[in-house]
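Asks: What follows is final_26.pdb, made up of PDB, C-alpha atoms, pLDDT in the B column:
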```pdb
ATOM      1  CA  MET A   1       8.238  -8.795   7.829  1.00 93.00           C
ATOM      2  CA  ARG A   2       5.144  -9.309   5.709  1.00 94.00           C
ATOM      3  CA  LEU A   3       2.657  -6.709   4.497  1.00 95.00           C
ATOM      4  CA  THR A   4      -0.745  -7.977   3.451  1.00 95.00           C
ATOM      5  CA  VAL A   5      -3.090  -5.649   1.591  1.00 95.00           C
ATOM      6  CA  LEU A   6      -5.247  -8.223  -0.206  1.00 95.00           C
ATOM      7  CA  GLY A   7      -8.100  -8.831   2.206  1.00 92.00           C
ATOM      8  CA  GLU A   8      -7.511  -7.657   5.742  1.00 90.00           C
ATOM      9  CA  ALA A   9      -4.538  -5.296   5.692  1.00 92.00           C
ATOM     10  CA  THR A  10      -1.902  -6.389   8.194  1.00 93.00           C
ATOM     11  CA  VAL A  11       1.756  -6.147   9.077  1.00 94.00           C
ATOM     12  CA  SER A  12       3.319  -9.250  10.601  1.00 94.00           C
ATOM     13  CA  ILE A  13       6.718 -10.453  11.713  1.00 90.00           C
ATOM     14  CA  GLY A  14       7.393 -14.150  12.007  1.00 88.00           C
ATOM     15  CA  GLY A  15       3.691 -14.861  11.632  1.00 89.00           C
ATOM     16  CA  HIS A  16       2.729 -12.543  14.524  1.00 93.00           C
ATOM     17  CA  LEU A  17       0.632  -9.463  13.842  1.00 93.00           C
ATOM     18  CA  VAL A  18       2.283  -6.146  14.563  1.00 92.00           C
ATOM     19  CA  PRO A  19      -0.131  -4.066  16.647  1.00 87.00           C
ATOM     20  CA  ARG A  20      -0.932  -0.476  15.782  1.00 86.00           C
ATOM     21  CA  ALA A  21       0.712  -0.257  12.385  1.00 90.00           C
ATOM     22  CA  PRO A  22      -0.110   3.192  10.997  1.00 92.00           C
ATOM     23  CA  THR A  23      -3.156   2.956   8.735  1.00 86.00           C
ATOM     24  CA  ASN A  24      -1.606   5.238   6.159  1.00 93.00           C
ATOM     25  CA  PHE A  25       1.487   3.039   6.000  1.00 96.00           C
ATOM     26  CA  LEU A  26      -0.451   0.359   4.118  1.00 95.00           C
ATOM     27  CA  ARG A  27      -2.526   2.878   2.174  1.00 95.00           C
ATOM     28  CA  ILE A  28       0.569   4.702   0.898  1.00 96.00           C
ATOM     29  CA  VAL A  29       2.366   1.467  -0.005  1.00 96.00           C
ATOM     30  CA  THR A  30      -0.696   0.278  -1.930  1.00 96.00           C
ATOM     31  CA  TYR A  31      -1.219   3.586  -3.709  1.00 96.00           C
ATOM     32  CA  ILE A  32       2.389   3.895  -4.847  1.00 97.00           C
ATOM     33  CA  LEU A  33       2.602   0.260  -5.970  1.00 96.00           C
ATOM     34  CA  LEU A  34      -0.511   0.621  -8.106  1.00 95.00           C
ATOM     35  CA  GLU A  35      -0.004   4.151  -9.419  1.00 93.00           C
ATOM     36  CA  SER A  36       3.687   4.613 -10.097  1.00 86.00           C
ATOM     37  CA  ASN A  37       6.026   2.557 -12.261  1.00 84.00           C
ATOM     38  CA  ARG A  38       8.934   4.446 -10.702  1.00 87.00           C
ATOM     39  CA  HIS A  39       7.589   3.743  -7.185  1.00 94.00           C
ATOM     40  CA  SER A  40       7.386   7.416  -6.241  1.00 95.00           C
ATOM     41  CA  VAL A  41       4.679  10.045  -6.117  1.00 97.00           C
ATOM     42  CA  SER A  42       4.734  13.750  -5.356  1.00 97.00           C
ATOM     43  CA  ARG A  43       3.869  14.775  -1.815  1.00 97.00           C
ATOM     44  CA  ALA A  44       1.233  17.168  -3.177  1.00 96.00           C
ATOM     45  CA  LYS A  45      -0.532  14.426  -5.143  1.00 96.00           C
ATOM     46  CA  LEU A  46      -0.412  11.997  -2.227  1.00 97.00           C
ATOM     47  CA  ALA A  47      -1.756  14.594   0.201  1.00 96.00           C
ATOM     48  CA  GLN A  48      -4.543  15.477  -2.218  1.00 95.00           C
ATOM     49  CA  ILE A  49      -5.652  11.874  -2.780  1.00 96.00           C
ATOM     50  CA  LEU A  50      -5.613  10.946   0.922  1.00 95.00           C
ATOM     51  CA  TRP A  51      -7.148  14.164   2.288  1.00 94.00           C
ATOM     52  CA  SER A  52      -9.158  15.507  -0.631  1.00 93.00           C
ATOM     53  CA  GLU A  53     -11.935  16.705   1.665  1.00 91.00           C
ATOM     54  CA  THR A  54      -9.643  19.355   3.178  1.00 92.00           C
ATOM     55  CA  ASP A  55      -7.617  22.258   1.786  1.00 94.00           C
ATOM     56  CA  GLN A  56      -4.075  21.746   0.488  1.00 94.00           C
ATOM     57  CA  ALA A  57      -2.387  23.266   3.567  1.00 95.00           C
ATOM     58  CA  HIS A  58      -4.170  20.904   5.954  1.00 96.00           C
ATOM     59  CA  ALA A  59      -3.668  17.950   3.612  1.00 95.00           C
ATOM     60  CA  SER A  60       0.081  18.690   3.507  1.00 96.00           C
ATOM     61  CA  MET A  61       0.184  18.971   7.299  1.00 97.00           C
ATOM     62  CA  ASN A  62      -1.684  15.656   7.647  1.00 96.00           C
ATOM     63  CA  LEU A  63       0.793  14.007   5.278  1.00 97.00           C
ATOM     64  CA  ARG A  64       3.783  15.358   7.226  1.00 97.00           C
ATOM     65  CA  GLN A  65       2.325  14.013  10.483  1.00 97.00           C
ATOM     66  CA  SER A  66       1.485  10.677   8.887  1.00 97.00           C
ATOM     67  CA  LEU A  67       4.974  10.312   7.411  1.00 98.00           C
ATOM     68  CA  ALA A  68       6.494  11.106  10.818  1.00 97.00           C
ATOM     69  CA  ARG A  69       4.413   8.294  12.400  1.00 97.00           C
ATOM     70  CA  ILE A  70       5.426   5.955   9.585  1.00 97.00           C
ATOM     71  CA  ARG A  71       9.099   6.888  10.011  1.00 97.00           C
ATOM     72  CA  ARG A  72       8.917   6.074  13.764  1.00 96.00           C
ATOM     73  CA  PHE A  73       7.131   2.795  13.010  1.00 96.00           C
ATOM     74  CA  GLN A  74       9.749   1.805  10.432  1.00 95.00           C
ATOM     75  CA  GLU A  75      12.603   2.710  12.790  1.00 95.00           C
ATOM     76  CA  GLN A  76      11.029   0.562  15.494  1.00 93.00           C
ATOM     77  CA  PHE A  77      11.087  -2.471  13.199  1.00 91.00           C
ATOM     78  CA  GLY A  78      14.272  -1.677  11.281  1.00 89.00           C
ATOM     79  CA  ILE A  79      12.762  -1.184   7.826  1.00 90.00           C
ATOM     80  CA  THR A  80      12.929   1.648   5.298  1.00 92.00           C
ATOM     81  CA  LEU A  81      10.127   0.887   2.875  1.00 95.00           C
ATOM     82  CA  ILE A  82       8.607   4.373   2.669  1.00 97.00           C
ATOM     83  CA  GLU A  83      11.070   7.205   2.171  1.00 97.00           C
ATOM     84  CA  SER A  84      10.384  10.871   1.555  1.00 96.00           C
ATOM     85  CA  ASP A  85      12.059  14.152   0.792  1.00 96.00           C
ATOM     86  CA  ALA A  86      10.684  17.661   0.339  1.00 95.00           C
ATOM     87  CA  ALA A  87       8.963  16.826  -2.936  1.00 97.00           C
ATOM     88  CA  TYR A  88       8.385  13.048  -3.201  1.00 97.00           C
ATOM     89  CA  VAL A  89       7.341   9.962  -1.284  1.00 97.00           C
ATOM     90  CA  ARG A  90       8.831   6.749  -2.653  1.00 97.00           C
ATOM     91  CA  LEU A  91       9.075   3.057  -1.947  1.00 96.00           C
ATOM     92  CA  ASN A  92      12.475   1.538  -1.313  1.00 95.00           C
ATOM     93  CA  LEU A  93      11.888  -2.007  -2.539  1.00 93.00           C
ATOM     94  CA  ALA A  94      15.462  -3.183  -1.921  1.00 92.00           C
ATOM     95  CA  SER A  95      14.358  -5.140   1.169  1.00 88.00           C
ATOM     96  CA  VAL A  96      11.689  -6.854  -0.968  1.00 89.00           C
ATOM     97  CA  SER A  97      14.298  -7.780  -3.592  1.00 87.00           C
ATOM     98  CA  GLN A  98      16.551  -9.156  -0.849  1.00 88.00           C
ATOM     99  CA  GLY A  99      13.739 -11.256   0.641  1.00 86.00           C
ATOM    100  CA  LEU A 100      13.714  -9.359   3.944  1.00 86.00           C
ATOM    101  CA  LEU A 101      10.246  -7.940   3.347  1.00 92.00           C
ATOM    102  CA  GLU A 102       7.284  -9.549   1.610  1.00 95.00           C
ATOM    103  CA  ILE A 103       4.332  -7.682   0.151  1.00 96.00           C
ATOM    104  CA  ASP A 104       1.451  -9.814  -1.076  1.00 95.00           C
ATOM    105  CA  LEU A 105       0.573  -7.309  -3.813  1.00 94.00           C
ATOM    106  CA  VAL A 106       4.109  -7.502  -5.245  1.00 94.00           C
ATOM    107  CA  GLU A 107       3.878 -11.302  -5.177  1.00 93.00           C
ATOM    108  CA  PHE A 108       0.502 -11.054  -6.925  1.00 92.00           C
ATOM    109  CA  PHE A 109       1.982  -8.929  -9.735  1.00 90.00           C
ATOM    110  CA  ASN A 110       4.925 -11.301 -10.147  1.00 90.00           C
ATOM    111  CA  CYS A 111       2.610 -14.317 -10.429  1.00 89.00           C
ATOM    112  CA  ALA A 112       0.300 -12.488 -12.833  1.00 87.00           C
ATOM    113  CA  GLU A 113       3.267 -11.777 -15.134  1.00 87.00           C
ATOM    114  CA  GLN A 114       4.453 -15.384 -15.112  1.00 87.00           C
ATOM    115  CA  GLY A 115       1.164 -17.021 -16.010  1.00 80.00           C
ATOM    116  CA  GLY A 116       0.547 -20.761 -16.011  1.00 85.00           C
ATOM    117  CA  PRO A 117      -1.159 -23.136 -13.569  1.00 87.00           C
ATOM    118  CA  GLU A 118       1.339 -22.676 -10.720  1.00 89.00           C
ATOM    119  CA  SER A 119       0.918 -18.904 -10.882  1.00 87.00           C
ATOM    120  CA  ALA A 120      -2.864 -19.250 -10.945  1.00 88.00           C
ATOM    121  CA  LEU A 121      -2.712 -21.385  -7.803  1.00 90.00           C
ATOM    122  CA  LYS A 122      -0.445 -18.877  -6.050  1.00 91.00           C
ATOM    123  CA  ILE A 123      -2.761 -16.003  -7.046  1.00 91.00           C
ATOM    124  CA  SER A 124      -5.729 -17.835  -5.532  1.00 89.00           C
ATOM    125  CA  GLU A 125      -3.706 -18.295  -2.322  1.00 91.00           C
ATOM    126  CA  LEU A 126      -2.700 -14.620  -2.209  1.00 92.00           C
ATOM    127  CA  TYR A 127      -6.119 -13.123  -2.899  1.00 91.00           C
ATOM    128  CA  HIS A 128      -7.863 -13.148   0.484  1.00 87.00           C
ATOM    129  CA  GLY A 129     -10.425 -10.518  -0.464  1.00 90.00           C
ATOM    130  CA  ASP A 130     -10.704  -6.948  -1.588  1.00 92.00           C
ATOM    131  CA  LEU A 131      -7.724  -4.656  -1.549  1.00 93.00           C
ATOM    132  CA  LEU A 132      -7.448  -2.987   1.898  1.00 93.00           C
ATOM    133  CA  ALA A 133     -10.727  -4.657   2.872  1.00 89.00           C
ATOM    134  CA  GLN A 134     -11.161  -2.898   6.224  1.00 84.00           C
ATOM    135  CA  ASN A 135     -10.418   0.583   4.843  1.00 75.00           C
ATOM    136  CA  GLU A 136     -12.765   3.014   6.579  1.00 75.00           C
ATOM    137  CA  PRO A 137     -14.311   5.159   3.834  1.00 74.00           C
ATOM    138  CA  ASP A 138     -14.110   8.904   4.476  1.00 76.00           C
ATOM    139  CA  ASN A 139     -15.428  10.119   1.110  1.00 75.00           C
ATOM    140  CA  SER A 140     -11.944  11.054  -0.077  1.00 84.00           C
ATOM    141  CA  ASP A 141     -10.530  10.707  -3.560  1.00 93.00           C
ATOM    142  CA  PHE A 142      -8.576   7.749  -2.162  1.00 94.00           C
ATOM    143  CA  ASP A 143     -11.837   5.876  -1.521  1.00 92.00           C
ATOM    144  CA  GLU A 144     -12.992   6.415  -5.090  1.00 93.00           C
ATOM    145  CA  TRP A 145      -9.573   5.370  -6.395  1.00 95.00           C
ATOM    146  CA  LEU A 146      -9.633   2.288  -4.138  1.00 94.00           C
ATOM    147  CA  ASP A 147     -13.079   1.209  -5.399  1.00 93.00           C
ATOM    148  CA  ILE A 148     -11.813   1.328  -8.991  1.00 94.00           C
ATOM    149  CA  LYS A 149      -8.621  -0.587  -8.149  1.00 95.00           C
ATOM    150  CA  ARG A 150     -10.561  -3.211  -6.184  1.00 94.00           C
ATOM    151  CA  ALA A 151     -12.821  -3.901  -9.166  1.00 94.00           C
ATOM    152  CA  LYS A 152      -9.859  -4.108 -11.554  1.00 94.00           C
ATOM    153  CA  LEU A 153      -7.958  -6.434  -9.240  1.00 92.00           C
ATOM    154  CA  ARG A 154     -11.011  -8.706  -8.868  1.00 91.00           C
ATOM    155  CA  ASP A 155     -11.304  -8.846 -12.652  1.00 91.00           C
ATOM    156  CA  ASP A 156      -7.583  -9.657 -12.919  1.00 88.00           C
ATOM    157  CA  VAL A 157      -7.949 -12.486 -10.402  1.00 89.00           C
ATOM    158  CA  ILE A 158     -10.894 -13.948 -12.318  1.00 89.00           C
ATOM    159  CA  LEU A 159      -8.942 -13.803 -15.591  1.00 85.00           C
ATOM    160  CA  LYS A 160      -5.802 -15.347 -14.100  1.00 82.00           C
ATOM    161  CA  ILE A 161      -7.438 -18.246 -12.250  1.00 82.00           C
ATOM    162  CA  GLY A 162     -10.487 -18.728 -14.484  1.00 72.00           C
TER     163      GLY A 162
END
```
Would you put the structure from the file into structure tokens?

Replies:
Amino acid sequence: MRLTVLGEATVSIGGHLVPRAPTNFLRIVTYILLESNRHSVSRAKLAQILWSETDQAHASMNLRQSLARIRRFQEQFGITLIESDAAYVRLNLASVSQGLLEIDLVEFFNCAEQGGPESALKISELYHGDLLAQNEPDNSDFDEWLDIKRAKLRDDVILKIG
């Protein structure tokens, strides 16, 4: 399975797009990868960033529903990337380490750390456009956060391949 968040956000298996992947699946993966060194974030913080235009009770309810959809989606395809408990949502990157799951953003970070001409070439191949390019803005804190991260990532790409 491959998750692409640079450019058009997609989930694919064997080169074929997976239809109807939950939108928040890719948003949550991206947020946690970019915001947490420990690959986990509190449910309250995640609910607030994704549904900042609503009160905390509704944001928490929306997160619960979204995580339930994500859990069903993951079960359908036999992956356990996003895990949650009563307090935290975290990424289980074991399948990435084992080569069973690829995430272009993780590959980007790995290449950026390595440096050199081969890494610069790989970065230019990975960067297909803005982070979560087709994200539908809803005036949430997530949209503001995403705009900042997009600009930083663009700057990083320019530095690495320039």

Asks: Starting from the shown file, work through the PyMOL selection byres ((chain A and resi 126-141) around 7) and note down what comes out as a VMD selection string.

Replies: chain A and resid 5 to 9 49 to 53 104 108 122 to 125 142 to 145 150

Asks: For the provided coordinates, the residues matched by the PyMOL selection byres ((chain A and resi 73-77) around 12) should be stated as an MDAnalysis selection string.

Replies: chainID A and resid 1:2 11:13 18:26 66:72 78:83 100:101

Asks: Would you write out those residues with C-alpha atoms, as a PDB file, in the coordinates of the input?

Replies:
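See part13.pdb below for the written result:
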```
ATOM      1  CA  MET A   1       8.238  -8.795   7.829  1.00 93.00           C
ATOM      2  CA  ARG A   2       5.144  -9.309   5.709  1.00 94.00           C
ATOM      3  CA  VAL A  11       1.756  -6.147   9.077  1.00 94.00           C
ATOM      4  CA  SER A  12       3.319  -9.250  10.601  1.00 94.00           C
ATOM      5  CA  ILE A  13       6.718 -10.453  11.713  1.00 90.00           C
ATOM      6  CA  VAL A  18       2.283  -6.146  14.563  1.00 92.00           C
ATOM      7  CA  PRO A  19      -0.131  -4.066  16.647  1.00 87.00           C
ATOM      8  CA  ARG A  20      -0.932  -0.476  15.782  1.00 86.00           C
ATOM      9  CA  ALA A  21       0.712  -0.257  12.385  1.00 90.00           C
ATOM     10  CA  PRO A  22      -0.110   3.192  10.997  1.00 92.00           C
ATOM     11  CA  THR A  23      -3.156   2.956   8.735  1.00 86.00           C
ATOM     12  CA  ASN A  24      -1.606   5.238   6.159  1.00 93.00           C
ATOM     13  CA  PHE A  25       1.487   3.039   6.000  1.00 96.00           C
ATOM     14  CA  LEU A  26      -0.451   0.359   4.118  1.00 95.00           C
ATOM     15  CA  SER A  66       1.485  10.677   8.887  1.00 97.00           C
ATOM     16  CA  LEU A  67       4.974  10.312   7.411  1.00 98.00           C
ATOM     17  CA  ALA A  68       6.494  11.106  10.818  1.00 97.00           C
ATOM     18  CA  ARG A  69       4.413   8.294  12.400  1.00 97.00           C
ATOM     19  CA  ILE A  70       5.426   5.955   9.585  1.00 97.00           C
ATOM     20  CA  ARG A  71       9.099   6.888  10.011  1.00 97.00           C
ATOM     21  CA  ARG A  72       8.917   6.074  13.764  1.00 96.00           C
ATOM     22  CA  GLY A  78      14.272  -1.677  11.281  1.00 89.00           C
ATOM     23  CA  ILE A  79      12.762  -1.184   7.826  1.00 90.00           C
ATOM     24  CA  THR A  80      12.929   1.648   5.298  1.00 92.00           C
ATOM     25  CA  LEU A  81      10.127   0.887   2.875  1.00 95.00           C
ATOM     26  CA  ILE A  82       8.607   4.373   2.669  1.00 97.00           C
ATOM     27  CA  GLU A  83      11.070   7.205   2.171  1.00 97.00           C
ATOM     28  CA  LEU A 100      13.714  -9.359   3.944  1.00 86.00           C
ATOM     29  CA  LEU A 101      10.246  -7.940   3.347  1.00 92.00           C
TER      30      LEU A 101
END
```

Asks: So which residues touch Ser42 of chain A within 9 Å, counting all atoms listed in the file, skipping near sequence neighbours fewer than 3 positions away, as a VMD selection string?

Replies: chain A and resid 45 to 47 87 to 90

Asks: So how many Å separate atom CA of Ile161 of chain A and atom CA of Ser119 of chain A, to one decimal?

Replies: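 About the pair atom CA of Ile161 of chain A and atom CA of Ser119 of chain A: they are 8.5 Å apart.
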
Asks: Given the choices A:Cys111, A:Leu17, A:Leu121, A:Ile28, which gets closest to Ser40 of chain A if the distance is worked out from only C-alpha atoms?

Replies: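 The closest residue to Ser40 of chain A is A:Ile28.
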
Asks: Could you please fill out segment 118-129 of chain A with all heavy atoms and send it back as a PDB file, in the frame of the given file?

Replies:
```pdb
ATOM      1  N   GLU A 118       0.748 -22.928 -12.037  1.00 89.00           N
ATOM      2  CA  GLU A 118       1.339 -22.676 -10.720  1.00 89.00           C
ATOM      3  C   GLU A 118       1.089 -21.242 -10.275  1.00 89.00           C
ATOM      4  O   GLU A 118       0.807 -20.988  -9.102  1.00 89.00           O
ATOM      5  CB  GLU A 118       2.837 -22.974 -10.737  1.00 89.00           C
ATOM      6  CG  GLU A 118       3.154 -24.444 -10.834  1.00 89.00           C
ATOM      7  CD  GLU A 118       4.641 -24.721 -10.861  1.00 89.00           C
ATOM      8  OE1 GLU A 118       5.434 -23.849 -10.434  1.00 89.00           O
ATOM      9  OE2 GLU A 118       5.009 -25.812 -11.321  1.00 89.00           O
ATOM     10  N   SER A 119       1.188 -20.308 -11.200  1.00 87.00           N
ATOM     11  CA  SER A 119       0.918 -18.904 -10.882  1.00 87.00           C
ATOM     12  C   SER A 119      -0.544 -18.699 -10.521  1.00 87.00           C
ATOM     13  O   SER A 119      -0.862 -17.950  -9.594  1.00 87.00           O
ATOM     14  CB  SER A 119       1.297 -18.006 -12.055  1.00 87.00           C
ATOM     15  OG  SER A 119       2.685 -18.003 -12.235  1.00 87.00           O
ATOM     16  N   ALA A 120      -1.434 -19.362 -11.246  1.00 88.00           N
ATOM     17  CA  ALA A 120      -2.864 -19.250 -10.945  1.00 88.00           C
ATOM     18  C   ALA A 120      -3.160 -19.760  -9.539  1.00 88.00           C
ATOM     19  O   ALA A 120      -3.944 -19.151  -8.797  1.00 88.00           O
ATOM     20  CB  ALA A 120      -3.685 -20.010 -11.975  1.00 88.00           C
ATOM     21  N   LEU A 121      -2.528 -20.842  -9.150  1.00 90.00           N
ATOM     22  CA  LEU A 121      -2.712 -21.385  -7.803  1.00 90.00           C
ATOM     23  C   LEU A 121      -2.198 -20.402  -6.750  1.00 90.00           C
ATOM     24  O   LEU A 121      -2.865 -20.142  -5.741  1.00 90.00           O
ATOM     25  CB  LEU A 121      -1.993 -22.733  -7.683  1.00 90.00           C
ATOM     26  CG  LEU A 121      -2.124 -23.454  -6.356  1.00 90.00           C
ATOM     27  CD1 LEU A 121      -3.587 -23.742  -6.038  1.00 90.00           C
ATOM     28  CD2 LEU A 121      -1.315 -24.738  -6.370  1.00 90.00           C
ATOM     29  N   LYS A 122      -1.021 -19.844  -6.996  1.00 91.00           N
ATOM     30  CA  LYS A 122      -0.445 -18.877  -6.050  1.00 91.00           C
ATOM     31  C   LYS A 122      -1.325 -17.633  -5.942  1.00 91.00           C
ATOM     32  O   LYS A 122      -1.536 -17.104  -4.849  1.00 91.00           O
ATOM     33  CB  LYS A 122       0.981 -18.509  -6.493  1.00 91.00           C
ATOM     34  CG  LYS A 122       1.682 -17.552  -5.568  1.00 91.00           C
ATOM     35  CD  LYS A 122       1.972 -18.183  -4.224  1.00 91.00           C
ATOM     36  CE  LYS A 122       2.805 -17.231  -3.376  1.00 91.00           C
ATOM     37  NZ  LYS A 122       2.985 -17.709  -2.018  1.00 91.00           N
ATOM     38  N   ILE A 123      -1.866 -17.164  -7.063  1.00 91.00           N
ATOM     39  CA  ILE A 123      -2.761 -16.003  -7.046  1.00 91.00           C
ATOM     40  C   ILE A 123      -3.989 -16.301  -6.195  1.00 91.00           C
ATOM     41  O   ILE A 123      -4.417 -15.467  -5.395  1.00 91.00           O
ATOM     42  CB  ILE A 123      -3.148 -15.591  -8.486  1.00 91.00           C
ATOM     43  CG1 ILE A 123      -1.958 -14.904  -9.160  1.00 91.00           C
ATOM     44  CG2 ILE A 123      -4.374 -14.682  -8.492  1.00 91.00           C
ATOM     45  CD1 ILE A 123      -2.139 -14.661 -10.642  1.00 91.00           C
ATOM     46  N   SER A 124      -4.548 -17.496  -6.333  1.00 89.00           N
ATOM     47  CA  SER A 124      -5.729 -17.835  -5.532  1.00 89.00           C
ATOM     48  C   SER A 124      -5.386 -17.912  -4.046  1.00 89.00           C
ATOM     49  O   SER A 124      -6.220 -17.624  -3.200  1.00 89.00           O
ATOM     50  CB  SER A 124      -6.367 -19.139  -6.021  1.00 89.00           C
ATOM     51  OG  SER A 124      -5.521 -20.234  -5.795  1.00 89.00           O
ATOM     52  N   GLU A 125      -4.145 -18.279  -3.718  1.00 91.00           N
ATOM     53  CA  GLU A 125      -3.706 -18.295  -2.322  1.00 91.00           C
ATOM     54  C   GLU A 125      -3.502 -16.875  -1.793  1.00 91.00           C
ATOM     55  O   GLU A 125      -3.786 -16.585  -0.632  1.00 91.00           O
ATOM     56  CB  GLU A 125      -2.398 -19.071  -2.180  1.00 91.00           C
ATOM     57  CG  GLU A 125      -2.529 -20.557  -2.398  1.00 91.00           C
ATOM     58  CD  GLU A 125      -1.169 -21.250  -2.430  1.00 91.00           C
ATOM     59  OE1 GLU A 125      -0.129 -20.608  -2.132  1.00 91.00           O
ATOM     60  OE2 GLU A 125      -1.145 -22.441  -2.782  1.00 91.00           O
ATOM     61  N   LEU A 126      -2.991 -15.995  -2.633  1.00 92.00           N
ATOM     62  CA  LEU A 126      -2.700 -14.620  -2.209  1.00 92.00           C
ATOM     63  C   LEU A 126      -3.948 -13.771  -2.043  1.00 92.00           C
ATOM     64  O   LEU A 126      -4.001 -12.907  -1.170  1.00 92.00           O
ATOM     65  CB  LEU A 126      -1.771 -13.941  -3.228  1.00 92.00           C
ATOM     66  CG  LEU A 126      -0.336 -14.419  -3.266  1.00 92.00           C
ATOM     67  CD1 LEU A 126       0.365 -13.870  -4.502  1.00 92.00           C
ATOM     68  CD2 LEU A 126       0.398 -14.011  -1.995  1.00 92.00           C
ATOM     69  N   TYR A 127      -4.937 -13.990  -2.893  1.00 91.00           N
ATOM     70  CA  TYR A 127      -6.119 -13.123  -2.899  1.00 91.00           C
ATOM     71  C   TYR A 127      -7.082 -13.559  -1.800  1.00 91.00           C
ATOM     72  O   TYR A 127      -7.854 -14.478  -1.943  1.00 91.00           O
ATOM     73  CB  TYR A 127      -6.810 -13.152  -4.264  1.00 91.00           C
ATOM     74  CG  TYR A 127      -7.863 -12.084  -4.396  1.00 91.00           C
ATOM     75  CD1 TYR A 127      -7.511 -10.787  -4.711  1.00 91.00           C
ATOM     76  CD2 TYR A 127      -9.205 -12.372  -4.182  1.00 91.00           C
ATOM     77  CE1 TYR A 127      -8.471  -9.792  -4.818  1.00 91.00           C
ATOM     78  CE2 TYR A 127     -10.163 -11.382  -4.282  1.00 91.00           C
ATOM     79  CZ  TYR A 127      -9.794 -10.099  -4.601  1.00 91.00           C
ATOM     80  OH  TYR A 127     -10.744  -9.124  -4.695  1.00 91.00           O
ATOM     81  N   HIS A 128      -7.014 -12.853  -0.675  1.00 87.00           N
ATOM     82  CA  HIS A 128      -7.863 -13.148   0.484  1.00 87.00           C
ATOM     83  C   HIS A 128      -9.080 -12.246   0.550  1.00 87.00           C
ATOM     84  O   HIS A 128      -9.800 -12.256   1.540  1.00 87.00           O
ATOM     85  CB  HIS A 128      -7.067 -12.986   1.782  1.00 87.00           C
ATOM     86  CG  HIS A 128      -5.982 -13.998   1.937  1.00 87.00           C
ATOM     87  ND1 HIS A 128      -6.212 -15.284   2.335  1.00 87.00           N
ATOM     88  CD2 HIS A 128      -4.649 -13.914   1.718  1.00 87.00           C
ATOM     89  CE1 HIS A 128      -5.076 -15.951   2.374  1.00 87.00           C
ATOM     90  NE2 HIS A 128      -4.110 -15.137   1.992  1.00 87.00           N
ATOM     91  N   GLY A 129      -9.297 -11.441  -0.448  1.00 90.00           N
ATOM     92  CA  GLY A 129     -10.425 -10.518  -0.464  1.00 90.00           C
ATOM     93  C   GLY A 129     -10.008  -9.195  -1.060  1.00 90.00           C
ATOM     94  O   GLY A 129      -8.900  -9.035  -1.559  1.00 90.00           O
TER      95      GLY A 129
END
```
